[in-house]
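Coordinates as given in model06.cif (mmCIF, C-alpha atoms):
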```
data_run
#
loop_
_atom_site.label_atom_id
_atom_site.label_comp_id
_atom_site.auth_asym_id
_atom_site.auth_seq_id
_atom_site.Cartn_x
_atom_site.Cartn_y
_atom_site.Cartn_z
CA VAL A 1 -36.81 3.29 -91.55
CA HIS A 2 -39.81 0.98 -91.14
CA LEU A 3 -42.45 -0.07 -93.61
CA ILE A 4 -46.00 -0.75 -92.50
CA PRO A 5 -47.44 -4.04 -93.81
CA VAL A 6 -50.82 -4.12 -95.48
CA ASN A 7 -53.25 -7.01 -95.75
CA PRO A 8 -51.61 -9.27 -98.32
CA VAL A 9 -53.49 -10.90 -101.17
CA ARG A 10 -53.66 -14.68 -100.92
CA GLU A 11 -50.97 -16.30 -103.07
CA ASP A 12 -53.53 -18.40 -104.94
CA GLY A 13 -55.47 -15.22 -105.74
CA LEU A 14 -58.69 -16.59 -104.23
CA ASN A 15 -60.95 -14.53 -102.07
CA PRO A 16 -60.66 -16.25 -98.64
CA LYS A 17 -64.49 -16.36 -98.44
CA SER A 18 -64.92 -18.11 -101.80
CA ARG A 19 -67.24 -21.12 -101.40
CA LYS A 20 -65.68 -22.93 -104.35
CA ARG A 21 -62.54 -24.06 -102.55
CA ILE A 22 -62.00 -27.80 -102.68
CA MET A 23 -59.06 -28.03 -100.28
CA PRO A 24 -59.60 -26.65 -96.78
CA ASP A 25 -57.30 -23.71 -96.09
CA LEU A 26 -55.05 -24.82 -93.23
CA LEU A 27 -53.18 -21.52 -93.06
CA THR A 28 -54.17 -19.53 -90.02
CA GLU A 29 -51.46 -16.90 -90.60
CA PRO A 30 -51.67 -14.65 -93.67
CA PRO A 31 -49.00 -15.36 -96.28
CA ALA A 32 -45.62 -13.89 -95.35
CA ILE A 33 -45.07 -10.31 -96.40
CA ASP A 34 -42.72 -10.01 -99.35
CA PRO A 35 -39.82 -7.81 -98.20
CA VAL A 36 -38.57 -7.26 -101.77
CA TYR A 37 -41.97 -6.03 -102.96
CA GLU A 38 -42.23 -3.71 -99.93
CA ALA A 39 -38.74 -2.35 -100.62
CA HIS A 40 -39.76 -1.56 -104.23
CA VAL A 41 -42.80 0.34 -102.93
CA TYR A 42 -40.53 2.25 -100.54
CA CYS A 43 -38.09 3.24 -103.33
CA ASN A 44 -41.00 4.77 -105.30
CA ILE A 45 -39.09 4.76 -108.60
CA PRO A 46 -40.77 7.44 -110.78
CA SER A 47 -43.20 6.11 -113.34
CA ILE A 48 -45.53 7.96 -115.69
CA THR A 49 -48.76 6.38 -114.53
CA GLU A 50 -49.84 7.61 -111.14
CA ARG A 51 -53.51 7.51 -110.32
CA SER A 52 -54.69 9.81 -107.60
CA MET A 53 -57.93 10.73 -105.88
CA GLU A 54 -56.97 14.30 -105.02
CA GLY A 55 -59.52 16.95 -105.96
CA HIS A 56 -62.53 14.60 -106.23
CA ALA A 57 -65.79 16.07 -104.90
CA PRO A 58 -69.43 16.60 -105.90
CA HIS A 59 -69.66 19.37 -108.53
CA TYR A 60 -71.31 21.90 -106.21
CA PHE A 61 -68.36 21.82 -103.75
CA LYS A 62 -65.65 24.47 -103.90
CA LEU A 63 -62.02 23.74 -102.98
CA VAL A 64 -60.80 26.52 -100.67
CA SER A 65 -57.51 25.24 -99.20
CA VAL A 66 -54.90 22.53 -99.64
CA GLN A 67 -52.23 21.65 -97.09
CA VAL A 68 -49.51 19.22 -98.15
CA LEU A 69 -47.00 17.41 -95.94
CA ILE A 70 -44.25 15.66 -97.91
CA ARG A 71 -41.31 13.45 -97.15
CA HIS A 72 -38.17 14.39 -99.08
CA GLY A 73 -37.37 12.36 -102.18
CA ASP A 74 -34.80 9.60 -102.70
CA ARG A 75 -31.53 10.37 -100.95
CA TYR A 76 -28.03 9.03 -100.49
CA PRO A 77 -27.67 7.02 -97.24
CA LEU A 78 -27.18 8.74 -93.89
CA TYR A 79 -24.97 5.86 -92.70
CA ALA A 80 -22.10 3.96 -94.28
CA ILE A 81 -21.37 0.26 -93.82
CA PRO A 82 -17.82 0.31 -92.41
CA LYS A 83 -14.96 -1.01 -94.58
CA THR A 84 -17.06 -1.15 -97.75
CA LYS A 85 -16.96 1.09 -100.80
CA ARG A 86 -19.75 3.65 -100.72
CA PRO A 87 -22.43 3.17 -103.40
CA ASP A 88 -21.31 4.96 -106.55
CA ILE A 89 -24.22 7.33 -107.24
CA ASP A 90 -23.95 10.63 -109.08
CA CYS A 91 -25.89 13.55 -107.58
CA MET A 92 -25.37 15.89 -110.55
CA LEU A 93 -28.66 16.60 -112.35
CA VAL A 94 -28.40 15.33 -115.92
CA PRO A 95 -31.68 15.70 -117.90
CA SER A 96 -30.62 13.02 -120.42
CA ARG A 97 -30.13 10.42 -117.67
CA LYS A 98 -32.97 8.29 -116.31
CA PRO A 99 -35.09 8.84 -114.34
CA SER A 100 -35.76 12.26 -115.84
CA HIS A 101 -38.62 14.73 -116.26
CA PRO A 102 -39.56 17.05 -119.15
CA GLN A 103 -39.07 20.09 -116.87
CA LEU A 104 -35.81 19.01 -115.24
CA GLU A 105 -33.63 21.24 -117.45
CA ALA A 106 -35.87 24.28 -116.88
CA PHE A 107 -35.89 23.51 -113.15
CA ILE A 108 -32.06 23.59 -112.98
CA LYS A 109 -31.98 26.96 -114.79
CA HIS A 110 -34.67 28.44 -112.55
CA MET A 111 -32.99 27.22 -109.35
CA SER A 112 -29.77 29.01 -110.23
CA LYS A 113 -31.64 32.37 -110.26
CA GLY A 114 -33.08 32.05 -106.75
CA SER A 115 -31.17 34.79 -104.92
CA ALA A 116 -34.31 36.95 -104.47
CA ALA A 117 -36.13 34.34 -102.36
CA GLN A 118 -36.71 34.96 -98.66
CA MET A 119 -35.03 32.04 -96.92
CA ASP A 120 -35.21 31.87 -93.13
CA GLY A 121 -32.02 31.58 -91.11
CA SER A 122 -29.67 28.82 -92.19
CA LEU A 123 -31.79 27.91 -95.26
CA SER A 124 -30.19 30.76 -97.21
CA SER A 125 -26.84 28.96 -97.17
CA LEU A 126 -28.22 25.69 -98.60
CA PRO A 127 -27.97 24.85 -102.33
CA HIS A 128 -31.24 24.86 -104.29
CA PHE A 129 -30.49 21.58 -106.06
CA PRO A 130 -28.06 18.64 -105.64
CA SER A 131 -24.77 19.03 -107.50
CA HIS A 132 -22.05 16.58 -106.46
CA SER A 133 -20.58 14.01 -108.85
CA LEU A 134 -20.41 11.59 -105.90
CA CYS A 135 -23.39 12.13 -103.63
CA GLU A 136 -22.73 13.35 -100.12
CA MET A 137 -24.34 11.64 -97.12
CA GLY A 138 -28.09 12.32 -97.04
CA GLU A 139 -28.02 14.31 -100.30
CA LEU A 140 -31.09 14.30 -102.56
CA THR A 141 -30.48 12.33 -105.77
CA GLN A 142 -31.76 13.01 -109.27
CA THR A 143 -34.43 10.37 -108.57
CA GLY A 144 -35.49 12.39 -105.52
CA VAL A 145 -35.79 15.60 -107.55
CA VAL A 146 -37.81 13.84 -110.27
CA GLN A 147 -40.17 12.30 -107.69
CA HIS A 148 -41.13 15.77 -106.47
CA LEU A 149 -41.26 17.32 -109.96
CA GLN A 150 -43.89 14.62 -110.62
CA ASN A 151 -45.71 15.38 -107.35
CA GLY A 152 -45.87 19.09 -108.20
CA GLN A 153 -47.07 18.44 -111.74
CA LEU A 154 -49.83 16.11 -110.54
CA LEU A 155 -51.00 18.60 -107.89
CA ARG A 156 -50.91 21.45 -110.42
CA GLU A 157 -53.14 19.62 -112.89
CA ILE A 158 -55.73 19.04 -110.15
CA TYR A 159 -55.54 22.08 -107.89
CA ILE A 160 -54.52 24.88 -110.28
CA ASN A 161 -55.75 23.82 -113.72
CA LYS A 162 -58.97 22.11 -112.61
CA HIS A 163 -59.96 23.78 -109.31
CA LYS A 164 -58.29 27.22 -109.74
CA LEU A 165 -57.08 27.16 -106.13
CA LEU A 166 -54.63 30.02 -106.83
CA PRO A 167 -55.14 32.80 -109.40
CA SER A 168 -52.43 33.44 -112.00
CA ASP A 169 -51.45 36.61 -110.07
CA TRP A 170 -51.11 34.77 -106.72
CA THR A 171 -49.25 36.56 -103.96
CA ALA A 172 -46.72 35.47 -101.33
CA LYS A 173 -49.44 35.67 -98.66
CA GLN A 174 -51.44 32.90 -100.35
CA LEU A 175 -48.60 30.41 -99.79
CA TYR A 176 -47.16 29.06 -96.57
CA LEU A 177 -43.88 27.16 -97.05
CA GLU A 178 -41.88 25.49 -94.30
CA THR A 179 -38.98 23.03 -94.33
CA THR A 180 -36.45 21.52 -91.97
CA GLY A 181 -32.88 22.73 -92.30
CA LYS A 182 -31.62 19.87 -94.50
CA SER A 183 -30.74 20.41 -98.14
CA ARG A 184 -32.84 17.35 -99.12
CA THR A 185 -36.05 18.81 -97.64
CA LEU A 186 -35.46 22.31 -99.04
CA GLN A 187 -34.64 20.92 -102.51
CA SER A 188 -37.67 18.58 -102.44
CA ALA A 189 -39.93 21.54 -101.60
CA LEU A 190 -38.44 23.62 -104.44
CA ALA A 191 -38.81 20.75 -106.95
CA LEU A 192 -42.50 20.32 -106.07
CA LEU A 193 -43.10 24.07 -106.12
CA TYR A 194 -41.43 24.44 -109.51
CA THR A 195 -43.89 22.17 -111.33
CA PHE A 196 -46.81 23.31 -109.16
CA LEU A 197 -46.17 26.99 -110.05
CA PRO A 198 -43.82 26.86 -113.07
CA ASP A 199 -41.26 29.68 -113.39
CA PHE A 200 -42.57 31.22 -110.16
CA ASP A 201 -41.38 34.69 -109.16
CA TRP A 202 -38.62 34.17 -106.58
CA LYS A 203 -39.62 37.38 -104.79
CA LYS A 204 -42.90 35.69 -103.78
CA ILE A 205 -41.13 32.74 -102.12
CA ASN A 206 -40.78 32.96 -98.36
CA MET A 207 -39.40 29.67 -97.05
CA ARG A 208 -39.61 29.28 -93.28
CA HIS A 209 -37.12 27.16 -91.39
CA GLN A 210 -38.40 24.54 -88.91
CA TRP A 211 -35.67 23.34 -86.55
CA SER A 212 -37.70 20.38 -85.24
CA THR A 213 -38.35 17.27 -87.35
CA ILE A 214 -41.79 16.94 -85.71
CA PHE A 215 -42.59 20.61 -86.51
CA CYS A 216 -43.44 21.41 -82.89
CA SER A 217 -42.32 25.07 -83.31
CA GLY A 218 -42.73 26.83 -79.96
CA SER A 219 -44.54 23.93 -78.23
CA CYS A 220 -41.75 21.36 -78.01
CA ASP A 221 -41.48 21.01 -74.24
CA CYS A 222 -43.28 17.72 -73.63
CA PRO A 223 -41.67 15.31 -71.13
CA MET A 224 -44.32 12.61 -71.63
CA ARG A 225 -43.73 12.57 -75.38
CA ASN A 226 -40.07 11.75 -74.68
CA HIS A 227 -41.13 9.12 -72.12
CA TYR A 228 -43.30 7.26 -74.65
CA LEU A 229 -40.57 7.49 -77.30
CA GLU A 230 -38.06 5.89 -74.89
CA GLU A 231 -40.57 3.13 -74.10
CA GLU A 232 -41.11 2.56 -77.82
CA GLN A 233 -37.34 2.33 -78.38
CA ARG A 234 -37.14 -0.29 -75.59
CA ARG A 235 -39.86 -2.28 -77.34
CA GLN A 236 -37.91 -2.12 -80.62
CA TYR A 237 -34.71 -3.29 -78.90
CA SER A 238 -36.49 -6.18 -77.20
CA LEU A 239 -38.02 -7.39 -80.49
CA ARG A 240 -34.65 -7.24 -82.20
CA VAL A 241 -32.88 -9.21 -79.45
CA LYS A 242 -35.50 -11.98 -79.70
CA ASN A 243 -34.94 -12.43 -83.45
CA ASN A 244 -32.28 -15.15 -83.74
CA ASN A 245 -32.38 -15.17 -87.52
CA LEU A 246 -31.65 -11.44 -87.61
CA GLU A 247 -28.74 -11.88 -85.20
CA LYS A 248 -27.23 -14.62 -87.39
CA ILE A 249 -27.47 -12.34 -90.42
CA TYR A 250 -25.74 -9.50 -88.57
CA VAL A 251 -22.96 -11.87 -87.40
CA ASP A 252 -22.49 -13.12 -90.97
CA MET A 253 -22.40 -9.59 -92.44
CA ALA A 254 -19.97 -8.44 -89.73
CA LYS A 255 -17.59 -11.29 -90.69
CA ILE A 256 -17.78 -10.28 -94.36
CA VAL A 257 -16.77 -6.67 -93.62
CA GLY A 258 -14.41 -7.61 -90.77
CA ILE A 259 -15.86 -5.62 -87.87
CA PRO A 260 -17.57 -6.51 -84.55
CA THR A 261 -21.29 -7.33 -84.90
CA ARG A 262 -22.23 -4.47 -82.57
CA GLN A 263 -20.43 -1.96 -84.78
CA LEU A 264 -22.20 -3.24 -87.90
CA ARG A 265 -25.59 -2.98 -86.21
CA ALA A 266 -24.84 0.58 -85.09
CA SER A 267 -24.04 1.54 -88.70
CA ASN A 268 -27.71 0.90 -89.58
CA PRO A 269 -26.93 -1.27 -92.63
CA ILE A 270 -30.54 -1.26 -93.94
CA ASP A 271 -30.31 2.46 -94.72
CA SER A 272 -27.28 1.84 -96.91
CA LEU A 273 -28.59 -1.40 -98.43
CA LEU A 274 -31.86 0.30 -99.45
CA CYS A 275 -29.80 2.78 -101.46
CA TYR A 276 -28.03 -0.04 -103.33
CA PHE A 277 -31.42 -1.72 -103.86
CA CYS A 278 -33.31 1.39 -105.04
CA HIS A 279 -30.52 2.34 -107.47
CA ASN A 280 -30.02 -1.22 -108.74
CA VAL A 281 -26.37 -1.24 -107.62
CA SER A 282 -24.75 -4.54 -106.50
CA PHE A 283 -24.48 -4.95 -102.74
CA PRO A 284 -20.91 -4.47 -101.44
CA CYS A 285 -18.26 -7.22 -101.46
CA THR A 286 -14.97 -7.73 -99.62
CA LYS A 287 -12.28 -10.44 -99.85
CA ALA A 288 -14.29 -12.39 -97.28
CA GLY A 289 -17.45 -12.49 -99.42
CA CYS A 290 -20.45 -10.43 -100.49
CA ILE A 291 -23.47 -9.01 -98.75
CA GLY A 292 -26.40 -10.48 -100.65
CA MET A 293 -30.14 -10.44 -101.17
CA GLU A 294 -30.72 -12.92 -98.32
CA HIS A 295 -29.09 -10.54 -95.83
CA PHE A 296 -31.24 -7.72 -97.18
CA LYS A 297 -34.48 -9.74 -97.04
CA VAL A 298 -34.01 -10.81 -93.40
CA ILE A 299 -33.30 -7.26 -92.19
CA LYS A 300 -36.18 -5.87 -94.26
CA ARG A 301 -38.57 -8.54 -93.00
CA HIS A 302 -37.64 -7.71 -89.42
CA GLN A 303 -38.46 -4.05 -90.13
CA LEU A 304 -41.91 -5.04 -91.32
CA GLU A 305 -42.48 -7.25 -88.26
CA ASP A 306 -41.37 -4.39 -86.04
CA GLU A 307 -43.89 -2.12 -87.73
CA ARG A 308 -46.69 -4.61 -87.16
CA GLU A 309 -45.84 -5.00 -83.47
CA ARG A 310 -45.54 -1.23 -83.14
CA GLN A 311 -49.15 -0.89 -84.28
CA GLU A 312 -50.31 -3.43 -81.69
CA LYS A 313 -48.42 -2.14 -78.65
CA LYS A 314 -49.77 1.44 -78.72
CA LEU A 315 -46.64 3.05 -77.23
CA TYR A 316 -45.85 4.66 -80.55
CA PHE A 317 -49.45 5.85 -80.86
CA LEU A 318 -49.20 7.65 -77.49
CA TYR A 319 -45.90 9.19 -78.61
CA ALA A 320 -47.47 10.18 -81.95
CA LEU A 321 -50.43 12.00 -80.36
CA LEU A 322 -48.12 14.22 -78.31
CA ALA A 323 -45.50 14.59 -81.06
CA THR A 324 -47.94 15.78 -83.71
CA HIS A 325 -50.37 17.92 -81.75
CA PRO A 326 -48.51 21.22 -82.40
CA LEU A 327 -48.45 20.61 -86.17
CA LEU A 328 -52.06 19.39 -86.32
CA ASN A 329 -53.17 22.30 -84.15
CA GLN A 330 -51.49 24.77 -86.52
CA THR A 331 -53.16 23.01 -89.45
CA VAL A 332 -56.62 23.14 -87.84
CA ASN A 333 -56.28 26.81 -86.83
CA ARG A 334 -55.43 27.68 -90.42
CA LEU A 335 -58.34 25.64 -91.82
CA GLN A 336 -60.72 27.40 -89.41
CA ARG A 337 -59.47 30.85 -90.49
CA ILE A 338 -59.98 29.96 -94.15
CA ALA A 339 -63.46 28.56 -93.42
CA GLU A 340 -64.27 31.95 -91.85
CA GLY A 341 -63.35 33.68 -95.11
CA LYS A 342 -59.64 34.55 -94.79
CA LYS A 343 -57.82 34.31 -98.14
CA GLU A 344 -54.27 33.87 -96.83
CA GLU A 345 -52.19 30.66 -96.77
CA VAL A 346 -54.59 28.73 -98.99
CA PHE A 347 -51.75 26.51 -100.23
CA VAL A 348 -49.43 25.12 -97.58
CA LEU A 349 -46.34 22.96 -98.08
CA TYR A 350 -44.42 21.36 -95.22
CA SER A 351 -41.28 19.57 -96.43
CA ALA A 352 -40.24 16.99 -93.90
CA HIS A 353 -39.00 13.48 -93.08
CA ASP A 354 -40.34 9.96 -92.46
CA VAL A 355 -40.17 10.75 -88.72
CA THR A 356 -42.59 13.64 -89.38
CA LEU A 357 -45.17 11.85 -91.53
CA SER A 358 -45.21 8.54 -89.68
CA PRO A 359 -46.46 9.92 -86.33
CA VAL A 360 -49.04 12.11 -88.10
CA LEU A 361 -50.51 9.01 -89.80
CA SER A 362 -50.50 7.17 -86.48
CA ALA A 363 -52.09 10.05 -84.53
CA LEU A 364 -54.88 10.39 -87.11
CA GLY A 365 -55.62 6.68 -86.71
CA ILE A 366 -54.65 5.72 -90.27
CA THR A 367 -53.19 2.39 -89.17
CA GLU A 368 -53.29 0.65 -92.56
CA ALA A 369 -50.99 3.17 -94.22
CA ARG A 370 -47.54 2.02 -95.22
CA PHE A 371 -44.54 3.70 -93.64
CA PRO A 372 -43.75 6.87 -95.66
CA ARG A 373 -41.90 5.99 -98.87
CA PHE A 374 -39.52 8.44 -100.55
CA ALA A 375 -41.51 11.51 -101.70
CA ALA A 376 -44.64 10.41 -99.81
CA ARG A 377 -47.37 13.05 -99.61
CA LEU A 378 -50.18 13.58 -97.13
CA VAL A 379 -52.80 16.10 -98.25
CA PHE A 380 -55.54 17.90 -96.30
CA GLU A 381 -58.20 19.39 -98.60
CA LEU A 382 -60.78 21.90 -97.31
CA TRP A 383 -64.06 22.12 -99.23
CA GLN A 384 -66.99 24.53 -99.00
CA ASP A 385 -70.50 23.22 -99.63
CA GLY A 386 -71.90 25.38 -102.45
CA LYS A 387 -75.48 24.74 -101.31
CA ARG A 388 -74.71 25.63 -97.68
CA PRO A 389 -71.70 27.96 -97.84
CA LYS A 390 -71.17 27.99 -94.06
CA GLU A 391 -70.52 24.25 -94.04
CA HIS A 392 -66.95 23.05 -94.61
CA PHE A 393 -65.59 19.55 -95.08
CA ILE A 394 -62.17 17.95 -95.22
CA ARG A 395 -60.65 15.13 -97.21
CA ILE A 396 -57.36 13.50 -96.25
CA LEU A 397 -55.30 11.74 -98.91
CA TYR A 398 -52.11 9.71 -98.59
CA ASN A 399 -50.10 9.15 -101.78
CA GLY A 400 -53.25 9.83 -103.79
CA ALA A 401 -55.51 7.40 -101.88
CA ASP A 402 -58.48 8.80 -99.96
CA VAL A 403 -57.95 7.81 -96.31
CA THR A 404 -60.51 10.22 -94.79
CA PHE A 405 -62.69 7.44 -93.42
CA GLN A 406 -59.74 5.49 -92.05
CA THR A 407 -59.16 8.26 -89.50
CA SER A 408 -60.25 7.60 -85.91
CA PHE A 409 -62.44 10.74 -85.80
CA CYS A 410 -64.34 10.11 -89.04
CA LYS A 411 -64.45 6.31 -89.24
CA ASP A 412 -68.23 5.92 -89.17
CA HIS A 413 -69.31 9.25 -90.62
CA TYR A 414 -69.76 7.97 -94.19
CA LYS A 415 -72.38 5.47 -92.97
CA ARG A 416 -74.61 8.37 -91.94
CA SER A 417 -73.80 10.88 -94.68
CA SER A 418 -74.19 11.03 -98.44
CA LYS A 419 -71.17 13.36 -98.72
CA PRO A 420 -67.79 11.74 -99.46
CA MET A 421 -66.04 13.91 -96.88
CA CYS A 422 -65.70 14.63 -93.19
CA PRO A 423 -67.15 17.74 -91.49
CA LEU A 424 -64.34 20.13 -90.54
CA GLU A 425 -65.57 20.28 -86.94
CA LYS A 426 -64.82 16.56 -86.48
CA LEU A 427 -61.11 17.24 -87.14
CA VAL A 428 -61.26 20.38 -84.98
CA ASN A 429 -62.81 18.49 -82.03
CA PHE A 430 -60.26 15.71 -82.39
CA VAL A 431 -57.26 18.06 -82.32
CA LYS A 432 -58.60 20.48 -79.69
CA ARG A 433 -60.10 17.91 -77.31
CA ASP A 434 -60.24 14.21 -78.17
CA MET A 435 -56.47 13.71 -78.68
CA PHE A 436 -56.01 14.18 -74.92
CA LEU A 437 -58.73 11.82 -73.65
CA ILE A 438 -56.43 8.79 -73.65
CA PHE A 439 -54.10 10.72 -71.29
CA ASN A 440 -57.02 11.62 -69.01
CA SER A 441 -56.23 15.26 -69.83
CA THR A 442 -57.98 18.25 -71.36
CA SER A 443 -55.02 20.09 -72.90
CA TYR A 444 -51.69 19.51 -74.62
CA TYR A 445 -49.78 21.04 -71.70
CA ASP A 446 -51.53 18.81 -69.19
CA ALA A 447 -51.05 15.66 -71.29
CA CYS A 448 -47.35 16.50 -71.71
CA HIS A 449 -46.72 16.95 -68.00
CA ARG A 450 -49.02 14.34 -66.43
CA ARG A 451 -47.19 11.18 -65.41
CA ALA A 452 -48.22 7.92 -67.07
CA LEU A 453 -50.66 5.84 -65.05
#
```
Could I get this file's structure written as structure tokens?
Amino acid sequence: VHLIPVNPVREDGLNPKSRKRIMPDLLTEPPAIDPVYEAHVYCNIPSITERSMEGHAPHYFKLVSVQVLIRHGDRYPLYAIPKTKRPDIDCMLVPSRKPSHPQLEAFIKHMSKGSAAQMDGSLSSLPHFPSHSLCEMGELTQTGVVQHLQNGQLLREIYINKHKLLPSDWTAKQLYLETTGKSRTLQSALALLYTFLPDFDWKKINMRHQWSTIFCSGSCDCPMRNHYLEEEQRRQYSLRVKNNNLEKIYVDMAKIVGIPTRQLRASNPIDSLLCYFCHNVSFPCTKAGCIGMEHFKVIKRHQLEDERERQEKKLYFLYALLATHPLLNQTVNRLQRIAEGKKEEVFVLYSAHDVTLSPVLSALGITEARFPRFAARLVFELWQDGKRPKEHFIRILYNGADVTFQTSFCKDHYKRSSKPMCPLEKLVNFVKRDMFLIFNSTSYYDACHRRAL
């Protein structure tokens, strides 16, 4: 898990260009990133007030398709810190317990009737909602369910109530639903769908199973993608080894829990500590002492530094282009079909992981985006110009913020256009052609099999 830093606000609140400063500003570095603040953002604790820019367009534009890529909601850790008591978190859904949602009780009832749904392969054996009194590893929590009930409700208000994207008698063919084979991604998708299309008819739900976390479907053979990922992992390792402060913290934590430092590092303690932090549970203690906020801050700060270096070194970017091409290509093909007048798959939901969203953001050139928080959402909107019906435009939104003009293929378009969107063909050209230029290639297959220069 990494979080991407954003440009911090000066601690004194002044605009750096203000002419009224009396003292010269001797700081050449921006103020240090606050790891605790970034961790709070990552937790994404549900709140009532969420502002979003989805669905905004000039009045003569018509919304014709929405494709949503989500990260699953809050989950129990995937790793345990050895010789410590696991965080005591209940994964039963209890509507009277916070955080809750007005439709949580109805959601639980509806989920228990889901036998008529078409669930691909191994998805049919997964539970439709979390239900263990002590969470299992990686299990979605009540917080995670509520995060996606809120996402679905917000998207419904905009896309169904305001823009009438789907009619009340929508059919299975108008939806495309796909999830990885983890209960947390399936349950996140169902929570979002439930508030997006309340009390939906289970017979209209056809959930496809995606075995790959990068959603590469039948185009996963890509040796160069694996090469760049290995290079990126070497870069990560090298940065970690150079960080003496981090090493001291790991040594100290290993003494507290009574295991070798290497074993503690391998147990990925940040994953577990984030769960304690997000659920406001005290960090674990042993007879030798307690893991504390200082340990957490140092590891979290290193994550943020790693993210910043990752942006600069470009290895991850090269990996991201090859990792996400199959998914972006599928997205573009669908948008083109809809622009030509097809009425199928107008609402698409991919339920995925941080390792799915993060490379998509990188490949699109959205470098200022934070690393995907719990229940993050990336939305592609397709709009038809009512005055020129053959012209179609896209908007891209990340957690409700319009990032269309942060993308590499549409960065300067707004300077030349009065329309607050990007022509569809710019995305099409990027995915079909421009993604491969950096590899000196003209196709995905060629880029995947051409050795690095």
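Pairwise distance (atom CA of A:Cys135, atom CA of A:Glu294) equals 26.6 Å.
Separating atom CA of A:Arg71 from atom CA of A:Arg433 is a distance of 27.7 Å.
From atom CA of A:Thr356 back to atom CA of A:Ile214, the distance works out to 5.0 Å.
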When the PyMOL selection byres ((chain A and resi 184-199) around 7) is applied to the file above, which residues end up in the set, as a list in words?
His72, Gly73, Phe107, His110, His128, Phe129, Glu139, Leu140, Val145, His148, Leu149, Asn151, Gly152, Gln153, Leu155, Arg156, Thr179, Thr180, Lys182, Ser183, Phe200, Asp201, Ser351 and Ala352 of chain A
Spell out the residues picked by the PyMOL selection byres ((chain A and resi 166) around 12) here, as a PyMOL selection string.
chain A and resi 63-66+156+158-165+167-175+196-197+343-348
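Proximity of A:Pro389, A:Pro58, A:Pro127, A:Gly365 to A:Phe430, computed with only C-alpha atoms, is greatest for A:Gly365.
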My list of candidates is A:Phe409, A:Phe380, A:Phe317, A:Trp211. Which is closest to A:Leu397 when distances are computed with all atoms listed in the file?
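The answer is A:Phe380, which sits nearest to A:Leu397.
If only C-alpha atoms are the atoms counted, then among A:Cys422, A:Ile256, A:Leu328, A:Leu274 the closest residue to A:Phe296 is A:Leu274.
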